[in-house]
Every structure is written in structure tokens, then in C-alpha cells.
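Novice: Structure file run-v4.pdb (PDB, C-alpha atoms) is given on the next line.
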ATOM      1  CA  MET A   1      83.092  94.014  63.982  1.00  0.00           C
ATOM      2  CA  ILE A   2      80.797  95.141  66.767  1.00  0.00           C
ATOM      3  CA  GLY A   3      80.311  93.260  70.026  1.00  0.00           C
ATOM      4  CA  LEU A   4      82.030  89.953  70.710  1.00  0.00           C
ATOM      5  CA  ILE A   5      85.610  89.452  69.551  1.00  0.00           C
ATOM      6  CA  ASP A   6      86.143  86.888  66.833  1.00  0.00           C
ATOM      7  CA  PRO A   7      88.163  84.065  68.469  1.00  0.00           C
ATOM      8  CA  HIS A   8      90.407  84.062  65.375  1.00  0.00           C
ATOM      9  CA  GLU A   9      91.215  87.748  65.918  1.00  0.00           C
ATOM     10  CA  ASN A  10      94.048  88.032  68.401  1.00  0.00           C
ATOM     11  CA  ALA A  11      97.258  89.919  69.039  1.00  0.00           C
ATOM     12  CA  GLU A  12     100.477  89.362  70.949  1.00  0.00           C
ATOM     13  CA  ILE A  13     101.426  92.963  71.730  1.00  0.00           C
ATOM     14  CA  GLY A  14      99.224  95.906  72.699  1.00  0.00           C
ATOM     15  CA  ILE A  15      99.944  99.606  72.232  1.00  0.00           C
ATOM     16  CA  PHE A  16      98.118 102.297  74.191  1.00  0.00           C
ATOM     17  CA  ALA A  17      98.908 105.255  71.965  1.00  0.00           C
ATOM     18  CA  GLY A  18      99.273 108.614  73.695  1.00  0.00           C
ATOM     19  CA  SER A  19      99.541 112.243  72.665  1.00  0.00           C
ATOM     20  CA  GLY A  20     100.954 112.486  69.146  1.00  0.00           C
ATOM     21  CA  ASN A  21     100.990 108.701  68.576  1.00  0.00           C
ATOM     22  CA  TYR A  22      97.778 108.393  66.605  1.00  0.00           C
ATOM     23  CA  ASP A  23      98.862 106.956  63.268  1.00  0.00           C
ATOM     24  CA  PRO A  24      97.957 103.263  62.806  1.00  0.00           C
ATOM     25  CA  LYS A  25      99.557 103.294  59.322  1.00  0.00           C
ATOM     26  CA  ILE A  26     102.637 101.708  60.893  1.00  0.00           C
ATOM     27  CA  MET A  27     100.649  98.452  60.703  1.00  0.00           C
ATOM     28  CA  LYS A  28      99.996  96.166  57.762  1.00  0.00           C
ATOM     29  CA  GLU A  29      96.761  94.248  57.130  1.00  0.00           C
ATOM     30  CA  ALA A  30      95.052  96.501  59.688  1.00  0.00           C
ATOM     31  CA  LYS A  31      91.471  95.853  60.809  1.00  0.00           C
ATOM     32  CA  GLU A  32      89.385  98.213  62.932  1.00  0.00           C
ATOM     33  CA  LEU A  33      87.270  96.581  65.636  1.00  0.00           C
ATOM     34  CA  LYS A  34      84.542  98.138  67.755  1.00  0.00           C
ATOM     35  CA  VAL A  35      84.054  96.037  70.863  1.00  0.00           C
ATOM     36  CA  TYR A  36      81.691  96.493  73.794  1.00  0.00           C
ATOM     37  CA  THR A  37      83.176  95.457  77.131  1.00  0.00           C
ATOM     38  CA  PRO A  38      81.673  94.654  80.564  1.00  0.00           C
ATOM     39  CA  TYR A  39      83.135  97.999  81.683  1.00  0.00           C
ATOM     40  CA  GLY A  40      81.642 100.176  78.951  1.00  0.00           C
ATOM     41  CA  ALA A  41      83.156 101.689  75.836  1.00  0.00           C
ATOM     42  CA  THR A  42      86.865 101.724  75.104  1.00  0.00           C
ATOM     43  CA  SER A  43      88.525 105.072  74.353  1.00  0.00           C
ATOM     44  CA  ASP A  44      88.373 104.330  70.622  1.00  0.00           C
ATOM     45  CA  ASN A  45      88.015 101.418  68.254  1.00  0.00           C
ATOM     46  CA  VAL A  46      90.869  98.925  68.407  1.00  0.00           C
ATOM     47  CA  ILE A  47      93.024  98.494  65.307  1.00  0.00           C
ATOM     48  CA  VAL A  48      94.672  95.098  64.870  1.00  0.00           C
ATOM     49  CA  GLY A  49      97.430  94.448  62.352  1.00  0.00           C
ATOM     50  CA  TYR A  50     101.066  93.525  61.844  1.00  0.00           C
ATOM     51  CA  ILE A  51     104.247  95.414  62.661  1.00  0.00           C
ATOM     52  CA  GLY A  52     106.961  93.261  61.154  1.00  0.00           C
ATOM     53  CA  ASP A  53     105.989  89.698  62.038  1.00  0.00           C
ATOM     54  CA  LYS A  54     104.202  90.635  65.273  1.00  0.00           C
ATOM     55  CA  LYS A  55     100.409  90.911  65.575  1.00  0.00           C
ATOM     56  CA  VAL A  56      99.634  94.164  67.387  1.00  0.00           C
ATOM     57  CA  ALA A  57      96.501  95.726  68.894  1.00  0.00           C
ATOM     58  CA  PHE A  58      96.563  99.538  68.717  1.00  0.00           C
ATOM     59  CA  LEU A  59      94.267 101.696  70.868  1.00  0.00           C
ATOM     60  CA  VAL A  60      94.378 105.489  71.173  1.00  0.00           C
ATOM     61  CA  ARG A  61      93.705 106.218  74.836  1.00  0.00           C
ATOM     62  CA  HIS A  62      92.661 109.874  74.371  1.00  0.00           C
ATOM     63  CA  GLN A  63      90.553 108.987  71.272  1.00  0.00           C
ATOM     64  CA  ARG A  64      91.812 109.901  67.817  1.00  0.00           C
ATOM     65  CA  SER A  65      90.136 113.298  68.059  1.00  0.00           C
ATOM     66  CA  HIS A  66      92.022 113.862  71.339  1.00  0.00           C
ATOM     67  CA  ARG A  67      88.780 114.458  73.235  1.00  0.00           C
ATOM     68  CA  ILE A  68      89.138 112.238  76.325  1.00  0.00           C
ATOM     69  CA  PRO A  69      91.130 113.874  79.143  1.00  0.00           C
ATOM     70  CA  PRO A  70      93.438 111.697  81.269  1.00  0.00           C
ATOM     71  CA  HIS A  71      91.102 111.510  84.286  1.00  0.00           C
ATOM     72  CA  LYS A  72      88.183 110.355  82.081  1.00  0.00           C
ATOM     73  CA  ILE A  73      89.918 107.435  80.374  1.00  0.00           C
ATOM     74  CA  ASN A  74      88.059 104.159  80.856  1.00  0.00           C
ATOM     75  CA  PHE A  75      91.073 102.191  82.097  1.00  0.00           C
ATOM     76  CA  ARG A  76      89.244  98.937  82.695  1.00  0.00           C
ATOM     77  CA  ALA A  77      87.546  98.794  79.295  1.00  0.00           C
ATOM     78  CA  ASN A  78      90.844  99.507  77.532  1.00  0.00           C
ATOM     79  CA  VAL A  79      92.727  96.832  79.462  1.00  0.00           C
ATOM     80  CA  TRP A  80      89.866  94.336  79.165  1.00  0.00           C
ATOM     81  CA  VAL A  81      89.805  94.518  75.360  1.00  0.00           C
ATOM     82  CA  MET A  82      93.570  93.908  75.228  1.00  0.00           C
ATOM     83  CA  LYS A  83      93.200  90.858  77.458  1.00  0.00           C
ATOM     84  CA  ALA A  84      90.264  89.603  75.371  1.00  0.00           C
ATOM     85  CA  LEU A  85      92.442  89.844  72.250  1.00  0.00           C
ATOM     86  CA  GLY A  86      95.108  87.675  73.870  1.00  0.00           C
ATOM     87  CA  VAL A  87      97.634  90.481  74.404  1.00  0.00           C
ATOM     88  CA  THR A  88     100.386  89.561  76.887  1.00  0.00           C
ATOM     89  CA  ARG A  89     102.604  92.668  76.627  1.00  0.00           C
ATOM     90  CA  ILE A  90     101.469  96.324  76.493  1.00  0.00           C
ATOM     91  CA  ILE A  91     103.603  99.283  75.402  1.00  0.00           C
ATOM     92  CA  SER A  92     102.215 102.586  76.678  1.00  0.00           C
ATOM     93  CA  PRO A  93     104.312 105.588  75.576  1.00  0.00           C
ATOM     94  CA  ALA A  94     103.478 108.962  77.068  1.00  0.00           C
ATOM     95  CA  ALA A  95     104.499 112.593  76.728  1.00  0.00           C
ATOM     96  CA  VAL A  96     105.785 113.689  80.145  1.00  0.00           C
ATOM     97  CA  GLY A  97     107.566 116.578  81.800  1.00  0.00           C
ATOM     98  CA  SER A  98     111.164 116.348  82.956  1.00  0.00           C
ATOM     99  CA  LEU A  99     111.736 116.981  86.652  1.00  0.00           C
ATOM    100  CA  GLN A 100     115.498 116.903  86.064  1.00  0.00           C
ATOM    101  CA  PRO A 101     115.957 119.105  82.958  1.00  0.00           C
ATOM    102  CA  GLU A 102     119.699 119.400  83.486  1.00  0.00           C
ATOM    103  CA  ARG A 103     120.064 115.717  82.577  1.00  0.00           C
ATOM    104  CA  ILE A 104     116.750 114.723  80.931  1.00  0.00           C
ATOM    105  CA  ARG A 105     116.043 117.057  78.021  1.00  0.00           C
ATOM    106  CA  PRO A 106     113.143 117.487  75.566  1.00  0.00           C
ATOM    107  CA  GLY A 107     113.090 114.833  72.858  1.00  0.00           C
ATOM    108  CA  GLU A 108     114.905 112.226  74.942  1.00  0.00           C
ATOM    109  CA  PHE A 109     113.400 108.921  76.040  1.00  0.00           C
ATOM    110  CA  VAL A 110     113.077 107.621  79.595  1.00  0.00           C
ATOM    111  CA  VAL A 111     112.325 103.961  80.325  1.00  0.00           C
ATOM    112  CA  CYS A 112     111.077 104.099  83.903  1.00  0.00           C
ATOM    113  CA  ASP A 113     111.239 101.191  86.326  1.00  0.00           C
ATOM    114  CA  GLN A 114     109.253 102.722  89.211  1.00  0.00           C
ATOM    115  CA  ILE A 115     106.070 104.765  89.733  1.00  0.00           C
ATOM    116  CA  VAL A 116     105.176 107.269  92.453  1.00  0.00           C
ATOM    117  CA  SER A 117     101.409 107.749  92.377  1.00  0.00           C
ATOM    118  CA  PHE A 118      99.617 110.876  93.580  1.00  0.00           C
ATOM    119  CA  THR A 119      96.305 109.910  91.988  1.00  0.00           C
ATOM    120  CA  ALA A 120      93.155 110.254  94.070  1.00  0.00           C
ATOM    121  CA  ALA A 121      92.461 107.122  96.109  1.00  0.00           C
ATOM    122  CA  PRO A 122      88.634 107.300  95.898  1.00  0.00           C
ATOM    123  CA  ARG A 123      88.680 107.592  92.110  1.00  0.00           C
ATOM    124  CA  MET A 124      86.594 104.847  90.545  1.00  0.00           C
ATOM    125  CA  ASN A 125      87.696 102.140  88.082  1.00  0.00           C
ATOM    126  CA  GLN A 126      91.240 101.783  89.390  1.00  0.00           C
ATOM    127  CA  THR A 127      90.788  98.039  89.849  1.00  0.00           C
ATOM    128  CA  PHE A 128      88.986  94.973  88.536  1.00  0.00           C
ATOM    129  CA  PHE A 129      88.341  93.823  92.146  1.00  0.00           C
ATOM    130  CA  ASP A 130      84.999  95.490  92.862  1.00  0.00           C
ATOM    131  CA  GLY A 131      83.600  92.885  95.227  1.00  0.00           C
ATOM    132  CA  GLY A 132      82.857  89.197  95.548  1.00  0.00           C
ATOM    133  CA  VAL A 133      86.530  88.432  96.018  1.00  0.00           C
ATOM    134  CA  VAL A 134      89.313  90.139  97.926  1.00  0.00           C
ATOM    135  CA  GLY A 135      92.164  90.889  95.553  1.00  0.00           C
ATOM    136  CA  HIS A 136      95.653  92.126  96.411  1.00  0.00           C
ATOM    137  CA  VAL A 137      98.034  92.790  93.541  1.00  0.00           C
ATOM    138  CA  ALA A 138     101.821  92.892  93.877  1.00  0.00           C
ATOM    139  CA  PHE A 139     103.143  96.175  92.510  1.00  0.00           C
ATOM    140  CA  ALA A 140     106.696  96.408  93.835  1.00  0.00           C
ATOM    141  CA  ASP A 141     108.062  96.265  90.292  1.00  0.00           C
ATOM    142  CA  PRO A 142     105.330  97.829  88.136  1.00  0.00           C
ATOM    143  CA  PHE A 143     106.981  97.494  84.715  1.00  0.00           C
ATOM    144  CA  CYS A 144     107.644  94.298  82.752  1.00  0.00           C
ATOM    145  CA  PRO A 145     111.415  93.597  82.957  1.00  0.00           C
ATOM    146  CA  GLU A 146     111.414  91.606  79.701  1.00  0.00           C
ATOM    147  CA  LEU A 147     109.697  94.337  77.692  1.00  0.00           C
ATOM    148  CA  ARG A 148     111.900  97.009  79.263  1.00  0.00           C
ATOM    149  CA  LYS A 149     115.008  95.077  78.205  1.00  0.00           C
ATOM    150  CA  VAL A 150     113.788  94.821  74.619  1.00  0.00           C
ATOM    151  CA  ILE A 151     113.072  98.570  74.483  1.00  0.00           C
ATOM    152  CA  VAL A 152     116.383  99.558  76.072  1.00  0.00           C
ATOM    153  CA  ASP A 153     118.457  97.172  73.943  1.00  0.00           C
ATOM    154  CA  THR A 154     116.732  98.342  70.744  1.00  0.00           C
ATOM    155  CA  ALA A 155     117.227 102.013  71.618  1.00  0.00           C
ATOM    156  CA  VAL A 156     120.930 101.424  72.249  1.00  0.00           C
ATOM    157  CA  LYS A 157     121.315  99.621  68.899  1.00  0.00           C
ATOM    158  CA  LEU A 158     119.612 102.526  67.131  1.00  0.00           C
ATOM    159  CA  GLY A 159     121.888 105.037  68.851  1.00  0.00           C
ATOM    160  CA  MET A 160     118.991 106.829  70.557  1.00  0.00           C
ATOM    161  CA  LYS A 161     119.429 109.017  73.630  1.00  0.00           C
ATOM    162  CA  ILE A 162     117.744 107.004  76.354  1.00  0.00           C
ATOM    163  CA  HIS A 163     117.613 107.132  80.138  1.00  0.00           C
ATOM    164  CA  ALA A 164     117.216 103.792  81.929  1.00  0.00           C
ATOM    165  CA  LYS A 165     118.852 102.117  84.878  1.00  0.00           C
ATOM    166  CA  GLU A 166     120.441  99.504  82.606  1.00  0.00           C
ATOM    167  CA  VAL A 167     122.487 102.108  80.733  1.00  0.00           C
ATOM    168  CA  SER A 168     122.958 104.797  83.376  1.00  0.00           C
ATOM    169  CA  LYS A 169     126.268 105.202  85.182  1.00  0.00           C
ATOM    170  CA  ASP A 170     124.803 107.395  87.923  1.00  0.00           C
ATOM    171  CA  HIS A 171     121.219 106.242  88.584  1.00  0.00           C
ATOM    172  CA  ASP A 172     119.929 102.843  89.623  1.00  0.00           C
ATOM    173  CA  SER A 173     116.272 103.792  89.124  1.00  0.00           C
ATOM    174  CA  PHE A 174     114.140 106.136  87.014  1.00  0.00           C
ATOM    175  CA  GLU A 175     110.811 107.156  88.526  1.00  0.00           C
ATOM    176  CA  TYR A 176     107.604 108.347  86.889  1.00  0.00           C
ATOM    177  CA  VAL A 177     105.439 110.573  89.109  1.00  0.00           C
ATOM    178  CA  CYS A 178     101.773 110.057  88.234  1.00  0.00           C
ATOM    179  CA  ILE A 179      99.464 112.919  89.228  1.00  0.00           C
ATOM    180  CA  GLU A 180      95.713 113.356  88.894  1.00  0.00           C
ATOM    181  CA  GLY A 181      94.602 115.205  85.763  1.00  0.00           C
ATOM    182  CA  PRO A 182      93.487 117.339  84.153  1.00  0.00           C
ATOM    183  CA  ARG A 183      95.667 120.037  85.727  1.00  0.00           C
ATOM    184  CA  PHE A 184      99.450 120.152  85.667  1.00  0.00           C
ATOM    185  CA  SER A 185     101.549 120.532  88.821  1.00  0.00           C
ATOM    186  CA  THR A 186     102.015 123.823  90.609  1.00  0.00           C
ATOM    187  CA  ARG A 187     105.582 125.150  90.744  1.00  0.00           C
ATOM    188  CA  ALA A 188     105.803 124.135  94.402  1.00  0.00           C
ATOM    189  CA  GLU A 189     104.643 120.589  93.638  1.00  0.00           C
ATOM    190  CA  SER A 190     107.122 120.207  90.772  1.00  0.00           C
ATOM    191  CA  LEU A 191     109.957 121.471  92.984  1.00  0.00           C
ATOM    192  CA  PHE A 192     108.934 118.961  95.652  1.00  0.00           C
ATOM    193  CA  TYR A 193     109.055 116.102  93.133  1.00  0.00           C
ATOM    194  CA  LYS A 194     112.393 117.333  91.822  1.00  0.00           C
ATOM    195  CA  ARG A 195     113.918 117.538  95.306  1.00  0.00           C
ATOM    196  CA  GLN A 196     112.970 113.920  95.916  1.00  0.00           C
ATOM    197  CA  GLY A 197     115.171 113.022  92.960  1.00  0.00           C
ATOM    198  CA  TRP A 198     112.266 111.739  90.854  1.00  0.00           C
ATOM    199  CA  ASP A 199     112.665 111.968  87.090  1.00  0.00           C
ATOM    200  CA  VAL A 200     109.499 112.636  85.048  1.00  0.00           C
ATOM    201  CA  VAL A 201     105.907 113.625  85.755  1.00  0.00           C
ATOM    202  CA  GLY A 202     102.662 112.913  83.912  1.00  0.00           C
ATOM    203  CA  LYS A 203      98.919 112.748  84.440  1.00  0.00           C
ATOM    204  CA  ALA A 204      96.832 109.699  85.251  1.00  0.00           C
ATOM    205  CA  LYS A 205      96.170 107.469  82.253  1.00  0.00           C
ATOM    206  CA  SER A 206      96.182 103.804  81.287  1.00  0.00           C
ATOM    207  CA  ARG A 207      99.571 102.695  82.504  1.00  0.00           C
TER     208      ARG A 207
END
Would you mind writing the file's structure down as C-alpha cells?
Specialist:
Amino acid sequence: MIGLIDPHENAEIGIFAGSGNYDPKIMKEAKELKVYTPYGATSDNVIVGYIGDKKVAFLVRHQRSHRIPPHKINFRANVWVMKALGVTRIISPAAVGSLQPERIRPGEFVVCDQIVSFTAAPRMNQTFFDGGVVGHVAFADPFCPELRKVIVDTAVKLGMKIHAKEVSKDHDSFEYVCIEGPRFSTRAESLFYKRQGWDVVGKAKSR
């Protein structure tokens, strides 16, 4: 379907798929939707279907051909289409670099509860408040506590190696450092982040 979203087409959970998470075959009864938003084109068509008994909207943020770099992602269009579909929870996995490799190793999962942002302040489309109304958004706790609990509890049940404040004996917070793409950090920058005690680093994307 192109253009307006069918009011009967909705989803409860959204997934912004990242690097390596491009396969919508995890869904049943999948439909591909192309939707135009007030903020321009989304990164890719949205695929709506079922995972178990949950209706899910699946959107690849870098495009399925992996052609959209992190700093070029149309954040507002991607979020708008999720909202228009009725999504109330968004899962956004990402491939990141460990700043603490002695305790967070490749292949392990980190469920962060805080963000440290080094993205460029003047960069456009960071907000839906462009004028006409003054908007201030609380961001003290940037991640959904209910969704985090579900992810952490499920990982524990599955016996997965996971880092999160709920299951850590030594850390009461796990921080994601968000930097401006497309470049990675210099060695000096990474050492600075590490010395602050922050945990993982990644480039700006829908988050």
C-alpha cells in the first residue's frame, strides 16, 4: 500500500532493525507497506506481521541494501510511521563497540539504561518540535523500564550472557555513548570514554 495507512493495519511493537538484522522472515502473515510521511521517506518499506501472537512493525533503518549511513537516517519519518501504525513499544538493537572489553566481550548483549550523546547539536531532524509550540521532553531515563525488564528477564531465562543493571553485581548503570557518524572514534576519544567508565559506543541512529 502506498500513501495513507489503512486504519485496520496496526501493530503493537516496532523493531528498528540494525546492521545484520535484515531478515523479516521471523514474521508470519507479513505485509510490506510503503508509506509517505510528513517528514519524507522512511529508510525502507515497513513490514507488518506476527511474531508469536504479537503484531510487529519491522523497519530496516539502514535500508535493506545497507545504503543509508547513520547520520543520514530520517529519524522523524521512521518514528512517525511507527506512531501512525499504533506502535507503543520500539525495540532498536544495534551493533556497538565495547569500551570495557575486559568485561564486555564480542557476542555479548548489553541492555543500556543511560545514554551519553556526543551528536552534533545543530544537526537537523532531531526533534518534532520545529516551531509553533515550545516543547521540552523529559529524558532523564531514556529507555522504557517495562520493555527493558522483558528483555532482561527473557535473556536470563534463555541463559544468554547479558549485561544490565538488574543482573549485575558490580554496576548500577550501563551507558551507551552515541557519537556522530559516519566516522568511528579516534583512539584518544575511545580512551576518554573508557576512563569515564562508560560501557559501549555507537554512531547516531534512530534510538
Novice: With only C-alpha atoms as the atoms that count, which of A:Thr154, A:Gln114, A:Ser65, A:Ser43 lies nearest to Phe139 (chain A)?
Specialist: A:Gln114
Novice: Which one of A:Gly49, A:Pro101, A:Gly159, A:Pro70 sits closest to Asn10 (chain A) if you count all atoms listed in the file?
Specialist: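 So, comparing all the options, the nearest one is A:Gly49.
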Novice: Could you list, as a VMD selection string, every residue matched by the PyMOL selection byres ((chain A and resi 196-206) around 10) in this structure?
Specialist: chain A and resid 16 to 18 61 to 62 69 to 76 78 to 79 92 94 to 101 103 to 104 110 112 114 to 120 126 163 173 to 185 190 to 195 207
Novice: Return as a PyMOL selection string the set of residues that the PyMOL selection byres ((chain A and resi 29) around 8) yields on the displayed structure.
Specialist: chain A and resi 27-28+30-31+49-50
Novice: Pick from A:Val46, A:Ala11, A:Ile26, A:Ile91: nearest to Leu147 (chain A), with all atoms listed in the file counted?
Specialist: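 Checking each of A:Val46, A:Ala11, A:Ile26, A:Ile91 against Leu147 (chain A), counting all atoms listed in the file, the winner is A:Ile91.
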Novice: Go ahead and compute the interatomic distance for CA of Pro145 (chain A) and CA of Val48 (chain A), in Å to one decimal.
Specialist: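 These atoms are spaced 24.7 Å apart.
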Novice: Starting from the shown file, work through the PyMOL selection byres ((chain A and resi 81) around 10) and note down what comes out as an MDAnalysis selection string.
Specialist: chainID A and resid 5 14 34:39 41:42 46 57 59 76:80 82:87
Novice: Let me make sure I understand: among A:Thr127, A:Val60, A:Ile51, A:Asp113, which one has the smallest atom-to-atom distance to Asp141 (chain A) if we use only C-alpha atoms?
Specialist: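 Residue with the minimum atom-to-atom distance to Asp141 (chain A): A:Asp113.
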Novice: Rounded to one decimal, what separation in Å do you get between CA of Asp172 (chain A) and CA of Val152 (chain A)?
Specialist: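 Separation of CA of Asp172 (chain A) and CA of Val152 (chain A): 14.4 Å.
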Novice: Considering all atoms listed in the file, state which residue in the set A:Lys54, A:Ile15, A:Thr88, A:Val111 is at the smallest distance from Ala155 (chain A).
Specialist: A:Val111
Novice: Please write out, as JSON, where the centre of an axis-aligned box around all listed atoms of region 99-102 of chain A lies and how long its edges are, in Å to one decimal, after adding 6 Å on each side.
Specialist:
{"center_x": 115.7, "center_y": 118.2, "center_z": 84.8, "size_x": 20.0, "size_y": 14.5, "size_z": 15.7}
Novice: Can you work out the spacing between CA of Val56 (chain A) and CA of Glu9 (chain A) in Å, to one decimal?
Specialist: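 Going from CA of Val56 (chain A) over to CA of Glu9 (chain A), I get 10.7 Å.
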Novice: Which of these residues is nearest to Arg148 (chain A), using all atoms listed in the file: A:Lys55, A:Arg89, A:Asp170, A:Asp130?
Specialist: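 Once distances to Arg148 (chain A) are computed over all atoms listed in the file, the minimum belongs to A:Arg89.
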